[in-house]
Every structure is written in C-alpha cells, then in structure tokens.
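Asks: The structure file upload_28.cif (mmCIF, C-alpha atoms) is provided below.
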data_run
loop_
_atom_site.group_PDB
_atom_site.id
_atom_site.type_symbol
_atom_site.label_atom_id
_atom_site.label_comp_id
_atom_site.auth_asym_id
_atom_site.auth_seq_id
_atom_site.Cartn_x
_atom_site.Cartn_y
_atom_site.Cartn_z
ATOM 1 C CA MET A 1410 -27.941 -12.807 8.099
ATOM 2 C CA MET A 1411 -28.426 -11.208 4.683
ATOM 3 C CA THR A 1412 -26.164 -8.645 3.065
ATOM 4 C CA ALA A 1413 -27.296 -6.473 0.171
ATOM 5 C CA GLN A 1414 -25.867 -7.481 -3.194
ATOM 6 C CA LEU A 1415 -24.038 -4.674 -4.926
ATOM 7 C CA LYS A 1416 -24.917 -3.555 -8.427
ATOM 8 C CA VAL A 1417 -23.291 -1.280 -10.980
ATOM 9 C CA GLY A 1418 -23.535 2.341 -9.909
ATOM 10 C CA ASP A 1419 -23.688 1.638 -6.183
ATOM 11 C CA GLN A 1420 -21.427 3.769 -4.038
ATOM 12 C CA LEU A 1421 -19.858 2.348 -0.905
ATOM 13 C CA GLN A 1422 -20.323 3.838 2.518
ATOM 14 C CA THR A 1423 -17.336 6.172 2.760
ATOM 15 C CA VAL A 1424 -14.572 6.382 5.368
ATOM 16 C CA THR A 1425 -13.056 9.698 6.465
ATOM 17 C CA HIS A 1426 -9.927 10.344 8.523
ATOM 18 C CA GLU A 1427 -7.738 13.300 9.324
ATOM 19 C CA VAL A 1428 -4.016 12.824 8.763
ATOM 20 C CA THR A 1429 -1.896 14.276 11.552
ATOM 21 C CA ASN A 1430 1.839 14.810 11.799
ATOM 22 C CA ASP A 1431 2.027 12.589 14.877
ATOM 23 C CA LYS A 1432 0.243 9.752 13.083
ATOM 24 C CA MET A 1433 2.482 10.162 10.023
ATOM 25 C CA ILE A 1434 5.532 9.735 12.244
ATOM 26 C CA GLU A 1435 4.012 6.783 14.087
ATOM 27 C CA PHE A 1436 2.989 5.126 10.837
ATOM 28 C CA GLU A 1437 6.645 4.958 9.819
ATOM 29 C CA LYS A 1438 7.398 3.017 12.981
ATOM 30 C CA CYS A 1439 4.627 0.440 12.619
ATOM 31 C CA VAL A 1440 5.927 -3.132 12.332
ATOM 32 C CA TRP A 1441 9.272 -1.934 11.027
ATOM 33 C CA ASP A 1442 10.868 1.291 12.152
ATOM 34 C CA ARG A 1443 11.889 2.807 8.839
ATOM 35 C CA GLY A 1444 13.946 5.548 10.443
ATOM 36 C CA ARG A 1445 13.732 9.170 9.413
ATOM 37 C CA ASN A 1446 12.352 9.668 5.941
ATOM 38 C CA SER A 1447 10.347 12.114 3.856
ATOM 39 C CA HIS A 1448 7.157 10.952 5.562
ATOM 40 C CA SER A 1449 8.324 11.663 9.067
ATOM 41 C CA ASP A 1450 11.207 14.139 9.071
ATOM 42 C CA ILE A 1451 11.375 17.594 7.479
ATOM 43 C CA ASN A 1452 15.108 17.413 6.816
ATOM 44 C CA ALA A 1453 14.734 14.080 5.066
ATOM 45 C CA ALA A 1454 11.888 15.570 3.042
ATOM 46 C CA LYS A 1455 14.037 18.515 1.985
ATOM 47 C CA ALA A 1456 16.828 16.142 1.021
ATOM 48 C CA ASP A 1457 14.316 14.459 -1.275
ATOM 49 C CA GLY A 1458 13.473 17.771 -2.895
ATOM 50 C CA ILE A 1459 10.174 18.572 -1.220
ATOM 51 C CA THR A 1460 9.440 21.380 1.190
ATOM 52 C CA ARG A 1461 7.445 19.478 3.808
ATOM 53 C CA THR A 1462 6.730 15.929 4.837
ATOM 54 C CA ILE A 1463 4.120 13.963 2.928
ATOM 55 C CA ALA A 1464 2.086 11.045 4.232
ATOM 56 C CA SER A 1465 3.065 7.565 3.122
ATOM 57 C CA GLY A 1466 1.033 6.151 0.272
ATOM 58 C CA GLN A 1467 0.336 3.168 2.468
ATOM 59 C CA ASN A 1468 -1.386 5.526 4.859
ATOM 60 C CA GLN A 1469 -3.923 6.175 2.107
ATOM 61 C CA MET A 1470 -4.002 2.473 1.328
ATOM 62 C CA ALA A 1471 -5.002 1.845 4.957
ATOM 63 C CA PHE A 1472 -8.055 4.066 4.544
ATOM 64 C CA VAL A 1473 -9.082 2.307 1.341
ATOM 65 C CA HIS A 1474 -8.680 -1.016 3.114
ATOM 66 C CA GLU A 1475 -10.968 0.154 5.883
ATOM 67 C CA LEU A 1476 -13.521 1.164 3.255
ATOM 68 C CA LEU A 1477 -13.396 -2.288 1.693
ATOM 69 C CA GLU A 1478 -13.303 -4.201 4.977
ATOM 70 C CA LYS A 1479 -16.400 -2.381 6.202
ATOM 71 C CA ASN A 1480 -18.339 -2.771 2.980
ATOM 72 C CA PHE A 1481 -17.280 -6.282 1.957
ATOM 73 C CA GLY A 1482 -16.328 -8.085 5.190
ATOM 74 C CA ASP A 1483 -14.778 -11.489 4.553
ATOM 75 C CA ALA A 1484 -15.293 -11.091 0.822
ATOM 76 C CA TRP A 1485 -12.565 -8.453 0.868
ATOM 77 C CA VAL A 1486 -10.187 -10.033 3.360
ATOM 78 C CA TYR A 1487 -10.296 -13.417 1.628
ATOM 79 C CA GLY A 1488 -9.592 -12.744 -2.013
ATOM 80 C CA GLY A 1489 -9.690 -8.974 -2.438
ATOM 81 C CA LYS A 1490 -7.514 -7.326 -5.082
ATOM 82 C CA ILE A 1491 -6.468 -3.711 -5.366
ATOM 83 C CA SER A 1492 -4.413 -1.562 -7.703
ATOM 84 C CA LEU A 1493 -3.883 1.932 -6.329
ATOM 85 C CA ARG A 1494 -1.744 4.855 -7.516
ATOM 86 C CA TYR A 1495 -0.746 7.796 -5.362
ATOM 87 C CA ILE A 1496 -1.396 10.837 -7.497
ATOM 88 C CA HIS A 1497 -1.312 13.849 -5.209
ATOM 89 C CA PRO A 1498 0.569 14.462 -1.964
ATOM 90 C CA VAL A 1499 -1.148 14.192 1.389
ATOM 91 C CA TYR A 1500 0.006 16.522 4.149
ATOM 92 C CA ALA A 1501 -0.530 16.708 7.886
ATOM 93 C CA GLY A 1502 -3.888 18.332 8.481
ATOM 94 C CA ASP A 1503 -5.485 16.918 5.352
ATOM 95 C CA ARG A 1504 -8.827 15.205 5.757
ATOM 96 C CA LEU A 1505 -9.136 12.185 3.465
ATOM 97 C CA THR A 1506 -12.294 10.435 2.386
ATOM 98 C CA ALA A 1507 -12.027 6.953 0.855
ATOM 99 C CA THR A 1508 -14.758 6.147 -1.650
ATOM 100 C CA GLY A 1509 -15.739 3.268 -3.918
ATOM 101 C CA LEU A 1510 -18.068 3.104 -6.902
ATOM 102 C CA VAL A 1511 -19.209 -0.212 -8.394
ATOM 103 C CA THR A 1512 -18.359 -0.362 -12.094
ATOM 104 C CA GLU A 1513 -18.935 -4.011 -12.924
ATOM 105 C CA VAL A 1514 -20.632 -7.065 -11.472
ATOM 106 C CA GLY A 1515 -19.763 -10.357 -13.050
ATOM 107 C CA GLU A 1516 -18.306 -13.782 -12.444
ATOM 108 C CA VAL A 1517 -14.748 -15.047 -12.232
ATOM 109 C CA ASP A 1518 -14.258 -18.809 -12.188
ATOM 110 C CA GLY A 1519 -17.971 -19.221 -11.574
ATOM 111 C CA LYS A 1520 -17.982 -16.950 -8.534
ATOM 112 C CA PRO A 1521 -19.518 -13.478 -8.291
ATOM 113 C CA ARG A 1522 -17.008 -10.667 -8.546
ATOM 114 C CA VAL A 1523 -17.607 -6.960 -7.949
ATOM 115 C CA THR A 1524 -15.237 -4.447 -9.533
ATOM 116 C CA LEU A 1525 -14.977 -0.892 -8.282
ATOM 117 C CA GLN A 1526 -13.247 2.382 -8.834
ATOM 118 C CA VAL A 1527 -11.689 3.396 -5.530
ATOM 119 C CA TRP A 1528 -10.066 6.635 -4.527
ATOM 120 C CA CYS A 1529 -9.177 8.982 -1.722
ATOM 121 C CA GLU A 1530 -9.883 12.680 -1.962
ATOM 122 C CA ASN A 1531 -8.857 15.490 0.326
ATOM 123 C CA GLN A 1532 -10.891 18.245 1.946
ATOM 124 C CA ASP A 1533 -10.715 20.266 -1.269
ATOM 125 C CA GLY A 1534 -12.213 17.453 -3.311
ATOM 126 C CA ARG A 1535 -8.917 16.665 -5.010
ATOM 127 C CA LYS A 1536 -8.130 13.011 -5.591
ATOM 128 C CA THR A 1537 -4.940 11.965 -3.837
ATOM 129 C CA SER A 1538 -5.005 8.327 -4.902
ATOM 130 C CA ALA A 1539 -7.036 6.359 -7.409
ATOM 131 C CA GLY A 1540 -7.352 2.857 -8.751
ATOM 132 C CA THR A 1541 -9.472 -0.234 -8.945
ATOM 133 C CA ALA A 1542 -10.430 -2.998 -6.539
ATOM 134 C CA SER A 1543 -12.412 -6.201 -6.789
ATOM 135 C CA ALA A 1544 -13.907 -8.763 -4.419
ATOM 136 C CA GLY A 1545 -16.803 -11.165 -4.129
ATOM 137 C CA GLN A 1546 -20.230 -9.862 -3.236
ATOM 138 C CA PRO A 1547 -20.264 -8.463 0.331
ATOM 139 C CA SER A 1548 -20.224 -10.991 3.135
ATOM 140 C CA PRO A 1549 -22.040 -10.492 6.450
ATOM 141 C CA LEU A 1550 -19.039 -12.092 8.175
ATOM 142 C CA LYS A 1551 -15.970 -10.323 9.502
ATOM 143 C CA SER A 1552 -14.221 -13.406 10.730
ATOM 144 C CA TRP A 1553 -10.930 -11.664 11.525
ATOM 145 C CA ILE A 1554 -12.662 -9.755 14.327
ATOM 146 C CA LYS A 1555 -12.886 -11.805 17.476
ATOM 147 C CA THR A 1556 -15.622 -11.030 19.982
ATOM 148 C CA GLU A 1557 -15.067 -11.208 23.730
ATOM 149 C CA SER A 1558 -16.358 -14.775 23.648
ATOM 150 C CA GLY A 1559 -13.733 -15.598 21.036
ATOM 151 C CA ALA A 1560 -16.260 -16.065 18.251
ATOM 152 C CA ALA A 1561 -15.920 -14.345 14.898
ATOM 153 C CA ALA A 1562 -17.970 -11.197 14.384
ATOM 154 C CA MET B 832 16.577 3.952 -25.682
ATOM 155 C CA SER B 833 20.358 3.574 -25.432
ATOM 156 C CA ALA B 834 20.641 7.147 -24.162
ATOM 157 C CA GLU B 835 18.031 6.376 -21.526
ATOM 158 C CA LEU B 836 19.881 3.223 -20.535
ATOM 159 C CA ASP B 837 23.091 5.203 -20.282
ATOM 160 C CA GLU B 838 21.346 7.768 -18.097
ATOM 161 C CA HIS B 839 19.921 5.062 -15.845
ATOM 162 C CA LYS B 840 22.881 2.696 -15.548
ATOM 163 C CA VAL B 841 22.070 1.285 -12.133
ATOM 164 C CA TRP B 842 18.420 0.808 -13.045
ATOM 165 C CA ALA B 843 19.544 -0.942 -16.232
ATOM 166 C CA SER B 844 21.836 -3.253 -14.265
ATOM 167 C CA ILE B 845 19.042 -4.638 -12.084
ATOM 168 C CA PRO B 846 17.622 -7.647 -13.897
ATOM 169 C CA VAL B 847 13.952 -8.488 -14.117
ATOM 170 C CA GLY B 848 13.470 -11.712 -12.195
ATOM 171 C CA ASP B 849 16.263 -10.881 -9.761
ATOM 172 C CA ASP B 850 15.754 -12.883 -6.565
ATOM 173 C CA LEU B 851 15.563 -10.619 -3.526
ATOM 174 C CA GLY B 852 15.642 -13.522 -1.121
ATOM 175 C CA SER B 853 13.401 -13.881 1.885
ATOM 176 C CA LEU B 854 13.064 -12.720 5.462
ATOM 177 C CA ASP B 855 10.734 -13.522 8.299
ATOM 178 C CA TYR B 856 9.258 -11.877 11.360
ATOM 179 C CA VAL B 857 6.671 -12.625 14.006
ATOM 180 C CA LEU B 858 3.588 -10.462 13.780
ATOM 181 C CA THR B 859 2.935 -9.668 17.432
ATOM 182 C CA GLU B 860 -0.281 -8.590 19.140
ATOM 183 C CA GLN B 861 1.493 -5.314 19.905
ATOM 184 C CA MET B 862 2.220 -4.702 16.212
ATOM 185 C CA VAL B 863 -1.426 -5.256 15.390
ATOM 186 C CA ALA B 864 -2.552 -2.965 18.201
ATOM 187 C CA ASP B 865 -0.086 -0.253 17.148
ATOM 188 C CA TYR B 866 -1.202 -0.437 13.560
ATOM 189 C CA ARG B 867 -4.898 -0.250 14.429
ATOM 190 C CA ARG B 868 -4.308 2.748 16.664
ATOM 191 C CA VAL B 869 -2.233 4.619 14.097
ATOM 192 C CA VAL B 870 -4.752 4.168 11.292
ATOM 193 C CA ASP B 871 -7.720 4.937 13.583
ATOM 194 C CA ASN B 872 -9.325 1.624 12.768
ATOM 195 C CA PRO B 873 -9.679 -0.620 15.835
ATOM 196 C CA GLN B 874 -10.899 -3.504 13.686
ATOM 197 C CA ALA B 875 -8.366 -3.286 10.876
ATOM 198 C CA ALA B 876 -7.724 -6.674 9.303
ATOM 199 C CA TYR B 877 -4.159 -5.479 9.041
ATOM 200 C CA PRO B 878 -2.935 -6.343 5.637
ATOM 201 C CA THR B 879 -1.882 -2.885 4.524
ATOM 202 C CA VAL B 880 1.527 -2.502 6.090
ATOM 203 C CA ALA B 881 2.306 -5.682 4.208
ATOM 204 C CA ALA B 882 2.723 -3.320 1.300
ATOM 205 C CA ARG B 883 6.107 -2.599 2.853
ATOM 206 C CA HIS B 884 7.281 -6.135 2.244
ATOM 207 C CA PRO B 885 8.559 -5.452 -1.280
ATOM 208 C CA ALA B 886 10.470 -2.332 -0.252
ATOM 209 C CA ASN B 887 12.043 -4.073 2.731
ATOM 210 C CA LEU B 888 13.358 -6.876 0.547
ATOM 211 C CA PHE B 889 14.511 -4.491 -2.166
ATOM 212 C CA TYR B 890 16.441 -2.238 0.186
ATOM 213 C CA ARG B 891 18.156 -5.156 1.840
ATOM 214 C CA LYS B 892 19.920 -5.736 -1.456
ATOM 215 C CA TYR B 893 19.946 -2.381 -3.211
ATOM 216 C CA ALA B 894 19.752 0.367 -0.558
ATOM 217 C CA ALA B 895 23.302 1.492 -1.277
ATOM 218 C CA VAL B 896 22.599 2.199 -4.937
ATOM 219 C CA MET B 897 18.882 2.696 -5.528
ATOM 220 C CA ARG B 898 15.809 4.233 -3.936
ATOM 221 C CA VAL B 899 12.282 3.290 -5.000
ATOM 222 C CA PRO B 900 9.736 5.693 -3.500
ATOM 223 C CA ASN B 901 6.391 4.096 -4.136
ATOM 224 C CA MET B 902 4.029 5.478 -6.707
ATOM 225 C CA GLY B 903 1.451 2.765 -6.105
ATOM 226 C CA HIS B 904 0.706 -0.777 -5.108
ATOM 227 C CA ASP B 905 -0.994 -3.754 -6.682
ATOM 228 C CA SER B 906 -1.964 -6.234 -4.001
ATOM 229 C CA GLU B 907 -3.981 -9.393 -3.556
ATOM 230 C CA TYR B 908 -5.133 -10.708 -0.190
ATOM 231 C CA PHE B 909 -5.751 -14.353 0.546
ATOM 232 C CA ASN B 910 -5.911 -14.729 4.344
ATOM 233 C CA PRO B 911 -5.656 -12.173 7.129
ATOM 234 C CA PRO B 912 -2.460 -12.516 9.151
ATOM 235 C CA VAL B 913 -2.774 -14.008 12.628
ATOM 236 C CA ALA B 914 -0.979 -12.331 15.522
ATOM 237 C CA GLY B 915 1.710 -14.520 17.020
ATOM 238 C CA LYS B 916 2.469 -16.311 13.752
ATOM 239 C CA ARG B 917 5.797 -16.062 11.967
ATOM 240 C CA ILE B 918 5.466 -14.602 8.488
ATOM 241 C CA THR B 919 7.990 -15.317 5.761
ATOM 242 C CA ILE B 920 8.213 -12.984 2.776
ATOM 243 C CA SER B 921 10.095 -13.606 -0.428
ATOM 244 C CA GLY B 922 10.631 -11.171 -3.241
ATOM 245 C CA ARG B 923 11.831 -10.587 -6.756
ATOM 246 C CA ILE B 924 12.092 -7.875 -9.370
ATOM 247 C CA ALA B 925 8.880 -8.473 -11.295
ATOM 248 C CA ASP B 926 9.266 -5.852 -14.017
ATOM 249 C CA LYS B 927 10.852 -2.558 -14.932
ATOM 250 C CA TYR B 928 10.197 0.089 -17.537
ATOM 251 C CA ILE B 929 10.773 3.685 -18.488
ATOM 252 C CA ARG B 930 7.696 5.858 -18.773
ATOM 253 C CA ARG B 931 7.805 9.499 -19.799
ATOM 254 C CA GLY B 932 11.540 9.422 -19.261
ATOM 255 C CA HIS B 933 11.296 8.101 -15.715
ATOM 256 C CA PRO B 934 12.617 4.669 -14.730
ATOM 257 C CA TYR B 935 10.352 2.411 -12.694
ATOM 258 C CA ILE B 936 10.951 -0.878 -10.915
ATOM 259 C CA ILE B 937 8.184 -3.278 -9.934
ATOM 260 C CA VAL B 938 9.072 -5.240 -6.809
ATOM 261 C CA GLU B 939 6.933 -8.246 -5.896
ATOM 262 C CA ALA B 940 6.720 -9.899 -2.488
ATOM 263 C CA VAL B 941 4.749 -12.939 -1.351
ATOM 264 C CA ALA B 942 3.926 -13.491 2.327
ATOM 265 C CA VAL B 943 3.190 -16.908 3.852
ATOM 266 C CA ASP B 944 2.721 -17.684 7.525
ATOM 267 C CA GLU B 945 4.268 -20.505 9.544
ATOM 268 C CA ASP B 946 1.252 -22.739 8.872
ATOM 269 C CA GLY B 947 1.689 -22.339 5.129
ATOM 270 C CA ARG B 948 -1.264 -19.990 4.752
ATOM 271 C CA LEU B 949 -0.781 -17.601 1.846
ATOM 272 C CA ILE B 950 -1.314 -14.114 3.291
ATOM 273 C CA GLU B 951 -0.823 -11.724 0.408
ATOM 274 C CA LYS B 952 1.008 -10.874 -2.778
ATOM 275 C CA SER B 953 2.051 -7.273 -3.205
ATOM 276 C CA ARG B 954 3.725 -5.348 -5.998
ATOM 277 C CA LEU B 955 5.342 -2.022 -5.346
ATOM 278 C CA VAL B 956 5.519 0.434 -8.237
ATOM 279 C CA GLY B 957 8.782 2.194 -7.476
ATOM 280 C CA HIS B 958 10.058 5.388 -9.092
ATOM 281 C CA ALA B 959 13.710 4.383 -9.374
ATOM 282 C CA ARG B 960 16.341 6.873 -8.324
ATOM 283 C CA GLU B 961 20.013 6.128 -8.127
ATOM 284 C CA VAL B 962 21.498 7.077 -4.776
ATOM 285 C CA GLY B 963 23.570 10.214 -5.166
ATOM 286 C CA ARG B 964 21.747 11.430 -8.232
ATOM 287 C CA GLU B 965 18.766 13.741 -8.471
ATOM 288 C CA ALA B 966 16.420 13.898 -5.512
ATOM 289 C CA ALA B 967 13.853 11.172 -5.578
ATOM 290 C CA HIS B 968 10.859 13.436 -5.516
ATOM 291 C CA GLU B 969 12.289 16.372 -7.421
ATOM 292 C CA THR B 970 10.258 16.012 -10.572
ATOM 293 C CA ILE B 971 7.270 14.732 -8.671
ATOM 294 C CA ALA B 972 7.479 17.675 -6.326
ATOM 295 C CA LYS B 973 7.389 20.040 -9.281
ATOM 296 C CA LYS B 974 4.409 18.223 -10.720
ATOM 297 C CA TRP B 975 2.637 18.328 -7.394
ATOM 298 C CA GLY B 976 3.737 21.836 -6.516
ATOM 299 C CA ALA B 977 5.081 20.589 -3.201
#
Could you render the structure as structure tokens?

Replies:
Amino acid sequence: MMTAQLKVGDQLQTVTHEVTNDKMIEFEKCVWDRGRNSHSDINAAKADGITRTIASGQNQMAFVHELLEKNFGDAWVYGGKISLRYIHPVYAGDRLTATGLVTEVGEVDGKPRVTLQVWCENQDGRKTSAGTASAGQPSPLKSWIKTESGAAA
Amino acid sequence: MSAELDEHKVWASIPVGDDLGSLDYVLTEQMVADYRRVVDNPQAAYPTVAARHPANLFYRKYAAVMRVPNMGHDSEYFNPPVAGKRITISGRIADKYIRRGHPYIIVEAVAVDEDGRLIEKSRLVGHAREVGREAAHETIAKKWGA
C-alpha cells in the first residue's frame, strides 16, 4: 500500500466540526470530571470575567489531532509533535475547520520529517488557534484502529 | 522587574523545576468511547485529553493559590494509549516568564503506561493568575472582545 509523499506547499485534507454547548459540557467530563468551569458553566465564565462560556483549547486540539491522524496515520501517532496556541475564543455554535500546510520537508536523525503550519479557523475565516506540527512522511497504517477481526487498520 | 515580582508574588514563589509528583489512572474502554463520541471522531487515537495531565498535577499542589488557564500546548506523542492499561503521569514546573506584563507558567507532564511504554510528553502554557486576584480571563476577554 503506497501513500503519497508530502512536499512543501501541500495542504492537508481538512477536518470540520461544529462546536455545541452540549459537547462543550461533555468535554469537561471526559476522563476527569473537571467540575463547573468557564468552558461548561455560564456563572463560572462570568466569575472569570467573560460573558459566555468558551470551548476548551483542548477541544480545538482534538480537531487538529484528527486532521493529523487522518493525513499521517501511524507517522503522527508514533512520533508526532505539535505546538499550538489558542488565539481567539470558540463559542457554542461555531464551526471549526482544522487545516495544515506543509512548510518544510527534511530529515531528522536520518529520518524524513514533514513540518507544517496548523490552525483552526471559524465560520468567519478567523483563526482561533495556530501553531506548528511535525511528523514523518504519511504512513498507510493506522495501527491504533482495530478491525472486527482484531487486525490493525 | 522587581515591581513585576512584587505584583506577582505567588507566581514568583513557584520555582522552576518544582516537582509536582505523580498520579495514575486506568484508561478504560468507556473513557475512550466517551472521548471519541464527544469529539465526533470514532477513530480518535485519543492522545489529546492527555493535555490535561499537566493541569491536573499542577492543581493538585497549587489550586488554592494559583490558576493557569491554558493559552496553548506543546506536545509530543510516542505511543497511543491502550485501553485497560494504567497510566502514570509525573510533572514539574518546566519554565516561567513574564511577557507583556503577564505571568506565565509552563507545566510539563510525562505519561507512561504500566508496561513502561512512553505515551506522551505535554507542556501546558498557563496564564498564571493568583486565586483571589483579577479574573483569569479579564485581560484576555478584553483582547478578544468576549
């Protein structure tokens, strides 16, 4: 199975999701219940000086991860790096698109390494998070996904 | 700088390198399923909530005096976590600085599973706010117009 090698200027296949209030609340309960906070409760948000709840930055990070998982497969999951900053608030009802643009293709320790600009932007085209990511060239394997037979995808 | 240090006494008292200790939890199938449903990604490899590791360790020690709403994350992924495995995370204060008058704390956490597999390293960029002082997002809210 062959996977196309990325080159400078290539743009990744994007990922788009709508952020809902229910999902924002649920996100705060995933793995650890973080209680009421400015991501899930309007009174907590007001106590933090903002007028409405804002989505967790990690909610945006999840979308960028999906972008990189889909485009890089195992090359992302085994050895991916990301540096992301949350630069504009995300509210319930926003529609976010995660995007990546290849800026450099080189080698690190003798292995191919692809560097990208990554970001999320909302329905108005405003960036809500931005940063860089890097991984090996895309892999056709997604070994963390188990098929019904138990084999890796 | 001394005026800034005086203004941010609690921030100044937290030493770079401070050991935040460790904690562990079992990543269950249900946690994975919940996460995948909430992020609308049924095949999520699931590392992203790991970005909460640094904050969890930080608040265990400093919740009474300091909040660190995250402005960003720097993370590196080595192996996807496996449901059913116990994950141990350990943390430290990796760095701190004042930028444009705002104090920041960088909290680092490393996650390893029960088989010794390195899962991820994550650094939280926290906008430090002393509990009881100005609202955490006040200046950010103004900047954002929220």

Asks: Just the residues within 10 Å of B:Asn887, please, counting only C-alpha atoms, with nothing from its chain fewer than 6 positions along; format it as a list of chain:residue names.

Replies: A:Trp1441, A:Arg1443, B:Leu851, B:Ser853, B:Leu854, B:Ala881, B:Ala894, B:Ile920, B:Gly922, B:Ala940

Asks: Please report as a Markdown table every residue of chain A lying within 7 Å of chain B, along with the nearest atom pair and their distance in Å (one decimal), using all atoms listed in the file.

Replies:
| residue | atom | partner | partner_atom | distance |
| --- | --- | --- | --- | --- |
| A:Lys1432 | CA | B:Val869 | CA | 5.8 |
| A:Glu1435 | CA | B:Val869 | CA | 6.6 |
| A:Phe1436 | CA | B:Val869 | CA | 6.2 |
| A:Cys1439 | CA | B:Tyr866 | CA | 6.0 |
| A:Val1440 | CA | B:Met862 | CA | 5.6 |
| A:Ala1456 | CA | B:Ala966 | CA | 6.9 |
| A:Asp1457 | CA | B:Ala966 | CA | 4.8 |
| A:Gly1458 | CA | B:Glu969 | CA | 4.9 |
| A:Ile1459 | CA | B:Ala977 | CA | 5.8 |
| A:Thr1460 | CA | B:Ala977 | CA | 6.2 |
| A:Gln1467 | CA | B:Thr879 | CA | 6.8 |
| A:Met1470 | CA | B:Thr879 | CA | 6.6 |
| A:Ala1471 | CA | B:Thr879 | CA | 5.7 |
| A:Glu1475 | CA | B:Ala875 | CA | 6.6 |
| A:Val1486 | CA | B:Tyr908 | CA | 6.2 |
| A:Tyr1487 | CA | B:Phe909 | CA | 4.8 |
| A:Gly1488 | CA | B:Phe909 | CA | 4.9 |
| A:Gly1489 | CA | B:Tyr908 | CA | 5.4 |
| A:Lys1490 | CA | B:Glu907 | CA | 4.4 |
| A:Ile1491 | CA | B:Ser906 | CA | 5.3 |
| A:Ser1492 | CA | B:Asp905 | CA | 4.2 |
| A:Leu1493 | CA | B:Gly903 | CA | 5.4 |
| A:Arg1494 | CA | B:Gly903 | CA | 4.1 |
| A:Tyr1495 | CA | B:Met902 | CA | 5.5 |
| A:His1497 | CA | B:Trp975 | CA | 6.4 |
| A:Pro1498 | CA | B:Trp975 | CA | 7.0 |
| A:Trp1553 | CA | B:Ala876 | CA | 6.3 |
| A:Ile1554 | CA | B:Gln874 | CA | 6.5 |

Asks: Residues picked by the PyMOL selection byres ((chain A and resi 1545) around 8) here, as a PyMOL selection string?

Replies: chain A and resi 1481+1484-1485+1488-1489+1520-1523+1543-1544+1546-1547

Asks: Just so the selection is clear, what residues does the PyMOL selection byres ((chain A and resi 1539) around 8) cover here, as a short mmCIF file (atom, residue, chain, number, x, y, z; two decimals) with C-alpha atoms, in the frame of the given file?

Replies:
data_model
loop_
_atom_site.label_atom_id
_atom_site.label_comp_id
_atom_site.auth_asym_id
_atom_site.auth_seq_id
_atom_site.Cartn_x
_atom_site.Cartn_y
_atom_site.Cartn_z
CA LEU A 1493 -3.88 1.93 -6.33
CA ARG A 1494 -1.74 4.86 -7.52
CA TYR A 1495 -0.75 7.80 -5.36
CA ILE A 1496 -1.40 10.84 -7.50
CA GLN A 1526 -13.25 2.38 -8.83
CA VAL A 1527 -11.69 3.40 -5.53
CA TRP A 1528 -10.07 6.64 -4.53
CA CYS A 1529 -9.18 8.98 -1.72
CA LYS A 1536 -8.13 13.01 -5.59
CA THR A 1537 -4.94 11.96 -3.84
CA SER A 1538 -5.00 8.33 -4.90
CA GLY A 1540 -7.35 2.86 -8.75
CA THR A 1541 -9.47 -0.23 -8.94
#

Asks: Could you list the residues chosen by the PyMOL selection byres ((chain A and resi 1411-1416) around 10) in this structure as a list in words?

Replies: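 This file gives the following for the PyMOL selection byres ((chain A and resi 1411-1416) around 10): Met1410, Val1417, Gly1418, Asp1419, Gln1420, Leu1421, Asn1480, Phe1481, Leu1510, Val1511, Thr1512, Glu1513, Val1514, Gly1515, Arg1522, Val1523, Thr1524, Gly1545, Gln1546, Pro1547, Ser1548, Pro1549 and Leu1550 of chain A.
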
Asks: Can you tell me how far atom CA of A:Glu1478 sits from atom CA of B:Val899, in Å to one decimal?

Replies: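 So the answer is 28.5 Å.
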
Asks: In Å to one decimal, how far is atom CA of A:Val1424 from atom CA of A:Ala1507?

Replies: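 Separation between atom CA of A:Ala1507 and atom CA of A:Val1424: 5.2 Å.
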
Asks: Interatomic distance between atom CA of A:Gln1469 and atom CA of B:Asp849?

Replies: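 A separation of 29.0 Å between them.
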
Asks: Under the rule that all atoms listed in the file are counted, which of B:Arg964, B:Arg898, B:Lys927, B:Lys916 is the nearest residue to B:Asp855?

Replies: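 Ranking B:Arg964, B:Arg898, B:Lys927, B:Lys916 by distance to B:Asp855, first place goes to B:Lys916.
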
Asks: In the coordinates of the file, take the point (-0.9, 15.2, 9.9) and a cut-off of 12 Å; then, counting all atoms listed in the file, name each qualifying protein, DNA or RNA residue as a list in words.

Replies: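 Every polymer residue passing the test: His1426, Glu1427, Val1428, Thr1429, Asn1430, Asp1431, Lys1432, Met1433, Ile1434, Glu1435, Phe1436, His1448, Ser1449, Arg1461, Thr1462, Ile1463, Ala1464, Ser1465, Asn1468, Pro1498, Val1499, Tyr1500, Ala1501, Gly1502, Asp1503, Arg1504 and Leu1505 of chain A; Val869 and Val870 of chain B.
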
Asks: Within 7 Å of B:Ala959, counting all atoms listed in the file, which residues show up once you throw out same-chain ones fewer than 5 positions away? Write them as a short mmCIF file (atom, residue, chain, number, x, y, z; two decimals) with C-alpha atoms, in the coordinates of the input, please.

Replies:
data_model
loop_
_atom_site.label_atom_id
_atom_site.label_comp_id
_atom_site.auth_asym_id
_atom_site.auth_seq_id
_atom_site.Cartn_x
_atom_site.Cartn_y
_atom_site.Cartn_z
CA TRP B 842 18.42 0.81 -13.04
CA MET B 897 18.88 2.70 -5.53
CA ARG B 898 15.81 4.23 -3.94
CA VAL B 899 12.28 3.29 -5.00
CA PRO B 934 12.62 4.67 -14.73
CA TYR B 935 10.35 2.41 -12.69
CA ILE B 936 10.95 -0.88 -10.92
#
